[in-house]
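Down below is the structure, laid out as structure tokens.
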Amino acid sequence: MTPGQILIVSDDSEFVRSLTARWRAEKDSPTITAVSSGVSRQASSTGYEIVVVGPLREAKTLPAGPAVHPESVVCAVGDQQSLEMVRAAHGDWLLLPECPGWTKILFSLAGEILRRKAAETRARESEITNLSQRRFGILGKSLLEARPGMVNALTSLLGNADLILLSEEPLPDHCRENVRTIHTMALRLNEIVQRLSSIENEMELSEGKSHLETPEMRMAESSKT
């Protein structure tokens with residue numbers, strides 16, 4: 001079963017024990033938290049993919065449950081008459097009658113919900129990653145497009161600074177020191193620009209290598225690991 005978080009709200013210890021034991025017997029079992037209906041009044045379903053409420057029998061008043069988060073799926077287990085009361089109060093809850101084999105149905109339903117939730121989480125994470133990559137791509141493209149202008153500006157700046165420093169004409173000491181500072185900072189900026197060029201070349205080589213790889217080469221590489 002897909003790992004996840006399940007909250008059981010019940011005052012029936014045997015109900016909780018049987019569900020917990022059955023779920024924990026599964027491979028990659030979900031994390032299960034069980035609370036009584038009294039405790040659940042101060043609780044919240046935030047962080048739980050599934051909330052199981054039950055068993056509801058003899059049309060008793062529905063116990064006050066936790067504050068249900070919109071992303072949590074709530075499943076009520078009980079007899080038909082009790083579930084009709086639940087339907088009237090909570091139209092979006094899943095209702096599961098205590099018929100023969102109901103536990104198998106619940107586990108199958110829970111597994112499907114957890115798989116769907118996990119897929120939605122992966123999709124959201126992938127969307128965030130893609131968005132971040134697009135942003136970095138736009139930033140990188142802008143930097144590469146600005147590089148020629150930066151190179152020309154730095155070349156002019158360094159050339160003029162060198163001419164001033166090499167000039168034999170008298171220049172106040174503080175002015176000469178300022179020119180040296182400008183020269184030093186321009187050299188540092190030039191190193192950054194050169195590094196950008198180096199990164200671009202490395203990326204082009206990497207892309208070229210990936211395009212040259214054949215399926216046979218990839219299979220041979222994977223067999224070595």
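In the structure tokens, the first chain shown is A, the next is B, and so on; residue numbers restart at 1 for each chain, and ligands run from 1 in the order shown.
Within the 10 Å cut-off around Ile105 of chain A, using only C-alpha atoms and omitting residues fewer than 6 positions from it on the same chain, the listed residues are Leu96, Cys99 and Gly111 of chain A.
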**Study point:** Spatial neighbours of segment 89-95 of chain A, max dist 8 Å, only C-alpha atoms, sep filter under 3 positions, as a ChimeraX atom specification
**Key:** /A:73-77,83,85-86
Store the residues picked out above, limited to N, CA, C and O atoms, as an mmCIF file, in the first residue's frame.
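The resulting again_38.cif:
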```
data_model
loop_
_atom_site.group_PDB
_atom_site.id
_atom_site.type_symbol
_atom_site.label_atom_id
_atom_site.label_comp_id
_atom_site.auth_asym_id
_atom_site.auth_seq_id
_atom_site.Cartn_x
_atom_site.Cartn_y
_atom_site.Cartn_z
ATOM 1 N N VAL A 73 -10.086 12.956 2.885
ATOM 2 C CA VAL A 73 -11.252 12.165 2.483
ATOM 3 C C VAL A 73 -11.786 11.476 3.732
ATOM 4 O O VAL A 73 -11.053 10.766 4.420
ATOM 5 N N VAL A 74 -13.068 11.697 4.032
ATOM 6 C CA VAL A 74 -13.677 11.122 5.237
ATOM 7 C C VAL A 74 -14.559 9.946 4.831
ATOM 8 O O VAL A 74 -15.393 10.060 3.929
ATOM 9 N N CYS A 75 -14.366 8.823 5.525
ATOM 10 C CA CYS A 75 -15.166 7.625 5.266
ATOM 11 C C CYS A 75 -15.861 7.207 6.560
ATOM 12 O O CYS A 75 -15.209 6.984 7.578
ATOM 13 N N ALA A 76 -17.190 7.128 6.536
ATOM 14 C CA ALA A 76 -17.973 6.719 7.704
ATOM 15 C C ALA A 76 -18.381 5.259 7.547
ATOM 16 O O ALA A 76 -18.864 4.847 6.486
ATOM 17 N N VAL A 77 -18.173 4.485 8.612
ATOM 18 C CA VAL A 77 -18.512 3.060 8.614
ATOM 19 C C VAL A 77 -19.635 2.839 9.624
ATOM 20 O O VAL A 77 -19.567 3.325 10.766
ATOM 21 N N LEU A 83 -25.867 5.559 8.562
ATOM 22 C CA LEU A 83 -25.224 6.191 7.409
ATOM 23 C C LEU A 83 -26.172 7.149 6.699
ATOM 24 O O LEU A 83 -25.726 8.125 6.090
ATOM 25 N N MET A 85 -28.198 9.090 8.230
ATOM 26 C CA MET A 85 -28.075 10.316 9.009
ATOM 27 C C MET A 85 -26.801 11.073 8.616
ATOM 28 O O MET A 85 -26.796 12.297 8.526
ATOM 29 N N VAL A 86 -25.738 10.311 8.389
ATOM 30 C CA VAL A 86 -24.472 10.929 7.974
ATOM 31 C C VAL A 86 -24.642 11.591 6.614
ATOM 32 O O VAL A 86 -24.154 12.701 6.379
#
```
Practice item. Name the residues of segment 68-219 of chain A that fall into strand (DSSP E) according to DSSP on the backbone, using the chain letters and numbers of this document, as a PyMOL selection string. Key: chain A and resi 73-78+94-97
Can I get the selected residues back with C-alpha atoms, as a compact mmCIF listing (two decimals), in the first residue's frame?
```txt
# COMPACT_ATOMS: atom_id res chain seq x y z
CA VAL A 73 -11.25 12.16 2.48
CA VAL A 74 -13.68 11.12 5.24
CA CYS A 75 -15.17 7.62 5.27
CA ALA A 76 -17.97 6.72 7.70
CA VAL A 77 -18.51 3.06 8.61
CA GLY A 78 -21.75 1.84 10.19
CA LEU A 94 -17.88 8.32 1.71
CA LEU A 95 -20.33 5.86 3.28
CA LEU A 96 -19.44 2.22 3.90
CA PRO A 97 -22.09 -0.13 5.32
```
Practice item. From a DSSP pass on the backbone, collect the residues of segment 83-136 of chain A flagged as helix (DSSP H, G or I) and hand them back as a ChimeraX atom specification. Key: /A:83-89,102-136
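Comparing the minimum interatomic distances between Arg195 of chain A and each of A:Lys104, A:Arg147, A:Arg180, A:Arg17, counting only C-alpha atoms, we find that A:Arg147 sits nearest.
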Practice item. Could you give me, as an MDAnalysis selection string, the residues within 10 Å of Phe15 of chain A, counting only C-alpha atoms and dropping anything in the same chain fewer than 6 positions from it? Key: chainID A and resid 8 54:55
Next, write the just-selected residues to a file, as an mmCIF file, in the first residue's frame, keeping C-alpha atoms as the atom set.
```cif
data_model
loop_
_atom_site.group_PDB
_atom_site.id
_atom_site.type_symbol
_atom_site.label_atom_id
_atom_site.label_comp_id
_atom_site.auth_asym_id
_atom_site.auth_seq_id
_atom_site.Cartn_x
_atom_site.Cartn_y
_atom_site.Cartn_z
ATOM 1 C CA ILE A 8 -9.356 6.793 12.903
ATOM 2 C CA GLY A 54 -17.106 4.603 13.052
ATOM 3 C CA PRO A 55 -18.609 2.269 13.783
#
```
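In this comparison, which uses only C-alpha atoms, the residue of A:Asp79, A:Glu200, A:Glu49, A:Asp162 approaching Arg116 of chain A most closely is A:Glu49.
Restricting the calculation to only C-alpha atoms, the smallest distance between Val151 of chain A and any of A:Asn190, A:Gln133, A:Ser197, A:Ser37 is found for A:Asn190.
Going from atom CA of Met203 of chain A over to atom CA of Leu144 of chain A, you cover 12.7 Å.
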